[in-house]
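Taking it in order: structure first as structure tokens, then the write-up.
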Amino acid sequence: MPNDTPVAHRFDGSPIYDNAPTVVCMLASPQFHTDQLIFIRRKSGLFGLPGGFQMRGETWKQAGVRELYEETGYLLRPSDIAQFDDVVTDSFGHNLIFAEAFLDAILDPEALLDGEALEVLVDDPVGHKAEEWEFPLHFKAVQRWITR
């Protein structure tokens, strides 16, 4: 499976990745039949779903489980997830796929997280307000997940 290491750097030192314009955001739980959702507190202090870009050479399902693992330490297989909602395009032109796990995600206590998250949360997201989320589309997806 490809990794998401930079393939080059710009003049200012910022990384360039070999990724597709698709972002996969994960709706997963360590106990599938509960209302507990795995989400993160981002560096901004706001909530977000674990997720990120699909790298060239991987399927969107592989990208989703890779990003979930890198950001939270929770394991799933690509066959454990399905598309949750229609693909939407954000204001940056990225195609967003919200994926839902239909099995329990398993925490790997040995996982080395990528530093994307300040905190990994497993909580019932009911009661969290839109302004607590970094991305409005993440908040909307969580609201649809709550009422599924």
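Ordering of the structure tokens sets the chain letters (A, B, ...), residue numbers begin anew at 1 in every chain, and ligands are numbered from 1 in the order given.
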Practice task
Determine which residues of segment 15-112 of chain A DSSP labels as alpha helix (DSSP H) from the backbone of this structure, then write them out as a VMD selection string.
Solution key: chain A and resid 60 to 72
Problem - Contacts of Phe32 of chain A within 8 Å, only C-alpha atoms, excl. fewer than 4 positions in-chain, as a list in words - result: Ala28, Gln36, Ala101, Phe102, Leu103, Asp104 and Ala105 of chain A
Handout entry: Best match for closeness to Trp133 of chain A among A:Val120, A:Glu70, A:Phe47, A:Asp86, counting only C-alpha atoms
Key = A:Phe47
Handout entry: All residues 12 Å or closer to Gln143 of chain A, only C-alpha atoms, same chain fewer than 6 positions away omitted, as number ranges by chain
Key = A: 27, 35, 37, 85, 124-130, 133, 136-137
Handout entry: Expected answer as a VMD selection string: strand (DSSP E or B) residues in segment 15-93 of chain A
Key = chain A and resid 15 to 16 19 to 27 37 to 42 47 to 48 51 to 55 74 to 75 81 to 83 88 to 89
Fill in the blank from the handout: Ile106 of chain A proximity check over A:Leu49, A:Ala82, A:Leu76, A:Val88, using only C-alpha atoms: winner is A:Leu76
Exercise for the section: Could you check how far atom CA of Gly45 of chain A sits from atom CA of Gly64 of chain A, in Å to one decimal? Expected result: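 One can read the atom CA of Gly45 of chain A to atom CA of Gly64 of chain A distance as 22.4 Å.
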